[in-house]
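Structure file query-v9.pdb; described as PDB, C-alpha atoms.
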ATOM      1  CA  MET A  10      18.040 -33.576  -9.618
ATOM      2  CA  LYS A  11      15.738 -30.804  -8.515
ATOM      3  CA  LEU A  12      16.378 -28.296  -5.752
ATOM      4  CA  TYR A  13      13.573 -26.650  -3.801
ATOM      5  CA  THR A  14      14.869 -23.565  -2.039
ATOM      6  CA  TYR A  15      14.442 -19.989  -0.836
ATOM      7  CA  PRO A  16      17.900 -18.429  -1.249
ATOM      8  CA  ALA A  17      17.451 -15.589   1.250
ATOM      9  CA  ALA A  18      16.983 -17.961   4.201
ATOM     10  CA  PRO A  19      20.088 -19.048   6.155
ATOM     11  CA  ASN A  20      20.118 -22.778   5.431
ATOM     12  CA  PRO A  21      19.478 -22.329   1.693
ATOM     13  CA  ARG A  22      22.167 -19.629   1.764
ATOM     14  CA  ARG A  23      24.702 -22.172   3.043
ATOM     15  CA  LEU A  24      23.909 -24.484   0.156
ATOM     16  CA  GLN A  25      23.791 -21.667  -2.399
ATOM     17  CA  LEU A  26      27.323 -20.536  -1.486
ATOM     18  CA  PHE A  27      28.575 -24.121  -1.514
ATOM     19  CA  MET A  28      27.182 -24.654  -5.019
ATOM     20  CA  GLN A  29      28.480 -21.266  -6.174
ATOM     21  CA  VAL A  30      32.056 -22.057  -5.177
ATOM     22  CA  LYS A  31      31.907 -25.481  -6.818
ATOM     23  CA  GLY A  32      30.203 -24.170  -9.957
ATOM     24  CA  ILE A  33      27.189 -26.464  -9.590
ATOM     25  CA  GLU A  34      23.985 -25.583 -11.426
ATOM     26  CA  LEU A  35      20.785 -27.514 -10.735
ATOM     27  CA  GLU A  36      17.153 -27.294 -11.732
ATOM     28  CA  VAL A  37      15.605 -25.045  -9.082
ATOM     29  CA  GLU A  38      12.031 -24.547  -7.937
ATOM     30  CA  PRO A  39      11.574 -21.581  -5.570
ATOM     31  CA  VAL A  40       9.521 -22.057  -2.401
ATOM     32  CA  ASP A  41       8.388 -18.641  -1.169
ATOM     33  CA  LEU A  42       8.597 -18.831   2.619
ATOM     34  CA  MET A  43       7.141 -15.334   2.977
ATOM     35  CA  GLN A  44       3.976 -16.520   1.243
ATOM     36  CA  GLY A  45       3.845 -19.739   3.273
ATOM     37  CA  GLU A  46       4.413 -22.003   0.276
ATOM     38  CA  GLN A  47       6.352 -24.413   2.511
ATOM     39  CA  PHE A  48       3.027 -25.302   4.153
ATOM     40  CA  SER A  49       1.224 -26.101   0.901
ATOM     41  CA  GLU A  50      -0.021 -29.651   0.409
ATOM     42  CA  SER A  51       2.155 -30.083  -2.656
ATOM     43  CA  PHE A  52       5.354 -29.157  -0.812
ATOM     44  CA  GLN A  53       4.461 -31.102   2.338
ATOM     45  CA  ALA A  54       4.143 -34.157   0.092
ATOM     46  CA  ILE A  55       7.832 -33.646  -0.735
ATOM     47  CA  ASN A  56       9.014 -32.609   2.731
ATOM     48  CA  PRO A  57       6.536 -32.987   5.610
ATOM     49  CA  ARG A  58       8.889 -30.936   7.825
ATOM     50  CA  CYS A  59       8.075 -27.875   5.675
ATOM     51  CA  THR A  60      11.708 -26.746   5.460
ATOM     52  CA  VAL A  61      14.084 -25.800   2.683
ATOM     53  CA  PRO A  62      16.372 -26.594   0.998
ATOM     54  CA  VAL A  63      15.260 -29.954  -0.348
ATOM     55  CA  LEU A  64      17.114 -31.900  -3.027
ATOM     56  CA  VAL A  65      15.128 -34.546  -4.906
ATOM     57  CA  LEU A  66      17.402 -37.001  -6.708
ATOM     58  CA  ASP A  67      16.663 -38.643 -10.034
ATOM     59  CA  ASP A  68      15.514 -41.814  -8.249
ATOM     60  CA  ASP A  69      13.114 -39.712  -6.103
ATOM     61  CA  THR A  70      15.290 -39.944  -2.985
ATOM     62  CA  VAL A  71      14.669 -36.810  -0.903
ATOM     63  CA  LEU A  72      17.451 -35.052   1.031
ATOM     64  CA  THR A  73      16.302 -32.360   3.458
ATOM     65  CA  GLU A  74      19.435 -31.458   5.465
ATOM     66  CA  VAL A  75      22.123 -29.100   4.186
ATOM     67  CA  ILE A  76      24.979 -31.276   5.415
ATOM     68  CA  ALA A  77      23.565 -34.334   3.616
ATOM     69  CA  ILE A  78      22.950 -32.401   0.394
ATOM     70  CA  CYS A  79      26.479 -31.008   0.480
ATOM     71  CA  GLN A  80      27.982 -34.436   1.123
ATOM     72  CA  TYR A  81      26.077 -35.868  -1.819
ATOM     73  CA  LEU A  82      27.020 -33.029  -4.169
ATOM     74  CA  GLU A  83      30.642 -33.182  -3.031
ATOM     75  CA  SER A  84      30.733 -36.811  -4.123
ATOM     76  CA  VAL A  85      29.038 -36.160  -7.451
ATOM     77  CA  TYR A  86      31.015 -32.990  -8.148
ATOM     78  CA  PRO A  87      34.432 -33.560  -6.527
ATOM     79  CA  GLN A  88      36.072 -30.552  -8.188
ATOM     80  CA  LYS A  89      37.020 -27.783  -5.756
ATOM     81  CA  PRO A  90      36.639 -29.989  -2.666
ATOM     82  CA  LEU A  91      34.971 -28.122   0.193
ATOM     83  CA  MET A  92      34.598 -30.907   2.753
ATOM     84  CA  GLY A  93      38.181 -32.113   3.058
ATOM     85  CA  VAL A  94      40.237 -34.588   1.058
ATOM     86  CA  THR A  95      42.009 -36.737   3.639
ATOM     87  CA  PRO A  96      40.170 -38.562   6.450
ATOM     88  CA  LEU A  97      41.468 -36.010   8.969
ATOM     89  CA  GLU A  98      40.439 -33.035   6.825
ATOM     90  CA  ARG A  99      36.951 -34.451   6.374
ATOM     91  CA  ALA A 100      36.659 -35.041  10.106
ATOM     92  CA  LEU A 101      37.758 -31.483  10.908
ATOM     93  CA  VAL A 102      35.276 -29.955   8.486
ATOM     94  CA  SER A 103      32.444 -32.082   9.897
ATOM     95  CA  ASN A 104      33.511 -31.186  13.428
ATOM     96  CA  TRP A 105      33.369 -27.468  12.688
ATOM     97  CA  ASP A 106      30.177 -27.684  10.636
ATOM     98  CA  HIS A 107      28.436 -29.249  13.628
ATOM     99  CA  ARG A 108      29.747 -26.670  16.090
ATOM    100  CA  ILE A 109      28.914 -23.735  13.821
ATOM    101  CA  PHE A 110      25.379 -25.013  13.331
ATOM    102  CA  LEU A 111      24.728 -25.651  17.034
ATOM    103  CA  GLU A 112      26.587 -22.721  18.577
ATOM    104  CA  GLY A 113      26.112 -20.098  15.888
ATOM    105  CA  LEU A 114      23.178 -20.718  13.584
ATOM    106  CA  MET A 115      20.913 -22.108  16.313
ATOM    107  CA  ALA A 116      21.791 -19.208  18.621
ATOM    108  CA  VAL A 117      20.543 -16.737  16.014
ATOM    109  CA  ALA A 118      17.496 -18.920  15.352
ATOM    110  CA  GLU A 119      16.553 -18.774  19.042
ATOM    111  CA  ILE A 120      16.763 -14.981  19.006
ATOM    112  CA  PHE A 121      14.908 -14.623  15.720
ATOM    113  CA  ARG A 122      12.074 -17.065  16.236
ATOM    114  CA  ASN A 123      11.417 -16.247  19.895
ATOM    115  CA  GLY A 124      11.757 -12.474  19.612
ATOM    116  CA  ASN A 125       9.902 -11.745  16.385
ATOM    117  CA  LYS A 126       6.163 -11.165  16.753
ATOM    118  CA  ASN A 127       5.631 -12.452  13.228
ATOM    119  CA  PHE A 128       6.681 -15.898  14.470
ATOM    120  CA  LYS A 129       4.010 -16.144  17.164
ATOM    121  CA  ASP A 130       3.321 -19.875  17.662
ATOM    122  CA  LYS A 131       6.066 -20.606  15.088
ATOM    123  CA  ALA A 132       9.057 -20.748  17.412
ATOM    124  CA  LEU A 133      10.273 -23.886  15.617
ATOM    125  CA  PRO A 134      10.199 -24.685  11.893
ATOM    126  CA  GLY A 135       7.363 -26.841  10.625
ATOM    127  CA  ALA A 136       3.589 -26.917  10.532
ATOM    128  CA  VAL A 137       3.058 -27.638  14.245
ATOM    129  CA  GLU A 138       2.366 -24.601  16.453
ATOM    130  CA  VAL A 139       5.091 -24.011  19.067
ATOM    131  CA  ALA A 140       4.847 -21.078  21.483
ATOM    132  CA  GLN A 141       7.630 -18.522  21.734
ATOM    133  CA  ILE A 142       9.767 -18.432  24.892
ATOM    134  CA  SER A 143      11.083 -14.935  25.534
ATOM    135  CA  ALA A 144      13.904 -16.178  27.797
ATOM    136  CA  LEU A 145      15.437 -17.947  24.817
ATOM    137  CA  VAL A 146      16.161 -14.585  23.195
ATOM    138  CA  GLU A 147      18.608 -13.704  25.974
ATOM    139  CA  ARG A 148      20.076 -17.199  25.947
ATOM    140  CA  GLY A 149      20.591 -16.976  22.192
ATOM    141  CA  GLN A 150      22.324 -13.626  22.578
ATOM    142  CA  LYS A 151      24.721 -15.071  25.159
ATOM    143  CA  MET A 152      25.390 -18.122  22.990
ATOM    144  CA  LEU A 153      26.131 -15.907  20.004
ATOM    145  CA  ALA A 154      28.537 -13.715  22.003
ATOM    146  CA  LEU A 155      30.439 -16.834  23.039
ATOM    147  CA  PHE A 156      30.419 -18.046  19.446
ATOM    148  CA  TRP A 157      31.997 -14.844  18.125
ATOM    149  CA  SER A 158      34.736 -15.009  20.749
ATOM    150  CA  MET A 159      35.418 -18.683  20.087
ATOM    151  CA  LEU A 160      35.602 -18.190  16.312
ATOM    152  CA  ASP A 161      37.879 -15.185  16.720
ATOM    153  CA  GLY A 162      40.268 -17.355  18.713
ATOM    154  CA  VAL A 163      40.282 -20.050  16.043
ATOM    155  CA  LEU A 164      40.957 -17.515  13.307
ATOM    156  CA  SER A 165      43.837 -16.021  15.278
ATOM    157  CA  LYS A 166      45.704 -19.244  14.489
ATOM    158  CA  SER A 167      44.459 -20.066  10.990
ATOM    159  CA  ASP A 168      43.399 -18.246   7.824
ATOM    160  CA  TYR A 169      40.343 -20.493   7.547
ATOM    161  CA  VAL A 170      38.044 -22.133  10.079
ATOM    162  CA  ALA A 171      38.925 -25.776   9.433
ATOM    163  CA  GLY A 172      42.464 -25.718   8.097
ATOM    164  CA  ASN A 173      44.447 -23.995   5.386
ATOM    165  CA  THR A 174      41.821 -23.790   2.649
ATOM    166  CA  LEU A 175      38.253 -22.630   2.144
ATOM    167  CA  THR A 176      35.716 -25.267   3.240
ATOM    168  CA  LEU A 177      32.047 -25.622   4.061
ATOM    169  CA  ALA A 178      32.960 -24.591   7.613
ATOM    170  CA  ASP A 179      33.849 -21.107   6.362
ATOM    171  CA  ILE A 180      30.678 -20.962   4.290
ATOM    172  CA  ASP A 181      28.563 -21.924   7.296
ATOM    173  CA  ALA A 182      30.248 -19.313   9.483
ATOM    174  CA  VAL A 183      29.563 -16.688   6.803
ATOM    175  CA  ALA A 184      25.903 -17.773   6.830
ATOM    176  CA  VAL A 185      25.758 -17.238  10.589
ATOM    177  CA  ILE A 186      27.007 -13.659  10.182
ATOM    178  CA  GLY A 187      24.398 -13.025   7.499
ATOM    179  CA  PHE A 188      21.622 -14.533   9.619
ATOM    180  CA  ALA A 189      22.725 -12.515  12.660
ATOM    181  CA  GLY A 190      22.032  -9.415  10.591
ATOM    182  CA  TRP A 191      18.363 -10.404  10.662
ATOM    183  CA  VAL A 192      18.383  -9.724  14.421
ATOM    184  CA  HIS A 193      20.603  -6.637  14.055
ATOM    185  CA  ILE A 194      23.704  -8.226  15.562
ATOM    186  CA  LYS A 195      27.201  -7.972  14.104
ATOM    187  CA  PRO A 196      30.422  -9.651  15.226
ATOM    188  CA  PRO A 197      32.092  -7.401  17.826
ATOM    189  CA  ALA A 198      34.607  -4.892  16.492
ATOM    190  CA  GLU A 199      37.177  -6.185  18.983
ATOM    191  CA  CYS A 200      37.139  -9.609  17.294
ATOM    192  CA  LEU A 201      39.833  -8.462  14.894
ATOM    193  CA  HIS A 202      40.712 -11.890  13.513
ATOM    194  CA  LEU A 203      37.064 -12.641  12.793
ATOM    195  CA  GLN A 204      36.633  -9.232  11.169
ATOM    196  CA  GLY A 205      39.692  -9.745   8.955
ATOM    197  CA  TRP A 206      38.569 -13.223   7.945
ATOM    198  CA  TYR A 207      35.102 -11.977   7.049
ATOM    199  CA  ALA A 208      36.550  -9.196   4.907
ATOM    200  CA  ARG A 209      38.492 -11.861   2.976
ATOM    201  CA  MET A 210      35.409 -14.065   2.700
ATOM    202  CA  GLN A 211      33.415 -11.198   1.208
ATOM    203  CA  LYS A 212      35.929 -11.053  -1.629
ATOM    204  CA  GLU A 213      36.555 -14.793  -1.928
ATOM    205  CA  LEU A 214      32.857 -15.650  -2.023
ATOM    206  CA  SER A 215      31.841 -12.523  -3.966
ATOM    207  CA  LEU A 216      29.388 -11.497  -1.251
ATOM    208  CA  ASP A 217      27.199  -8.465  -1.736
ATOM    209  CA  SER A 218      27.875  -7.197   1.770
TER
END
Target format structure tokens, applied to this file:
Amino acid sequence: MKLYTYPAAPNPRRLQLFMQVKGIELEVEPVDLMQGEQFSESFQAINPRCTVPVLVLDDDTVLTEVIAICQYLESVYPQKPLMGVTPLERALVSNWDHRIFLEGLMAVAEIFRNGNKNFKDKALPGAVEVAQISALVERGQKMLALFWSMLDGVLSKSDYVAGNTLTLADIDAVAVIGFAGWVHIKPPAECLHLQGWYARMQKELSLDS
């Protein structure tokens, strides 16, 4: 297997933390997004969507979505399960992964890509030009505020997002907080349960900050 990635970006960060917890080491080829390497002909031949991470399997099957890569690696490396063990646990983790991606990660993406002048005509990932929409910055900010409040409520009842143990749902929520830092937004101080959970995650995941 070979992993194409850019660890600083939010989606690769999700996968990096997942692999770190499980102790998975793969052959890695960096794709420098800051230098536009995702738009090179050689990389587009691997992933025409020009996104990372990408996992190329030994039979040349290409996986381009974090959730799919994690599901595959969870099956191949079942130690330290991070996506649930029972049918109900797996369903809960998938449920929360989807919500965190749509309500958290995509909220930050709307703010970042529509409010950053460096992303002019790059409001969506990929090689096709897409104009920025300034109104989406405000919508993203409102979505993110609702996300923080919702997550704080969940964590008022549980030590982890999707049950009683660390899962990919926690990792994805951590990635949202990191990505929100790119647009200079932090979870509100009044979200005490979210703040306490994140402090534990910093230690549990050995985060730098």
Leaving out A:Leu153 and any residue of its chain fewer than 4 positions from it, which residues lie within 8 Å of it when counting all atoms listed in the file, given as a count of residues only?
6
Evaluate the PyMOL selection byres ((chain A and resi 73) around 9) on the structure here and hand back the selected residues as a list of chain:residue names.
A:Asn56, A:Arg58, A:Thr60, A:Val61, A:Pro62, A:Val63, A:Leu64, A:Val65, A:Val71, A:Leu72, A:Glu74, A:Val75, A:Ile76, A:Ala77, A:Ile78
Any chance you could resolve the PyMOL selection byres ((chain A and resi 154) around 12) against this file and give the residues as an MDAnalysis selection string?
chainID A and resid 112:113 116:117 147:153 155:161 186 189 194:197 199:200
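In this model, the gap between atom CA of A:Gln211 and atom CA of A:Leu12 comes to 25.1 Å.
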As a PDB file with C-alpha atoms, in the coordinates of the input, please: the residues near stretch 35-45 of chain A (cut-off 8 Å, only C-alpha atoms, same-chain neighbours under 2 positions excluded).
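Once written, selection-v5.pdb looks like this:
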ATOM      1  CA  MET A  10      18.040 -33.576  -9.618  1.00  0.00           C
ATOM      2  CA  LYS A  11      15.738 -30.804  -8.515  1.00  0.00           C
ATOM      3  CA  LEU A  12      16.378 -28.296  -5.752  1.00  0.00           C
ATOM      4  CA  TYR A  13      13.573 -26.650  -3.801  1.00  0.00           C
ATOM      5  CA  THR A  14      14.869 -23.565  -2.039  1.00  0.00           C
ATOM      6  CA  TYR A  15      14.442 -19.989  -0.836  1.00  0.00           C
ATOM      7  CA  ILE A  33      27.189 -26.464  -9.590  1.00  0.00           C
ATOM      8  CA  GLN A  47       6.352 -24.413   2.511  1.00  0.00           C
ATOM      9  CA  PHE A  48       3.027 -25.302   4.153  1.00  0.00           C
ATOM     10  CA  SER A  49       1.224 -26.101   0.901  1.00  0.00           C
ATOM     11  CA  VAL A  61      14.084 -25.800   2.683  1.00  0.00           C
TER      12      VAL A  61
END
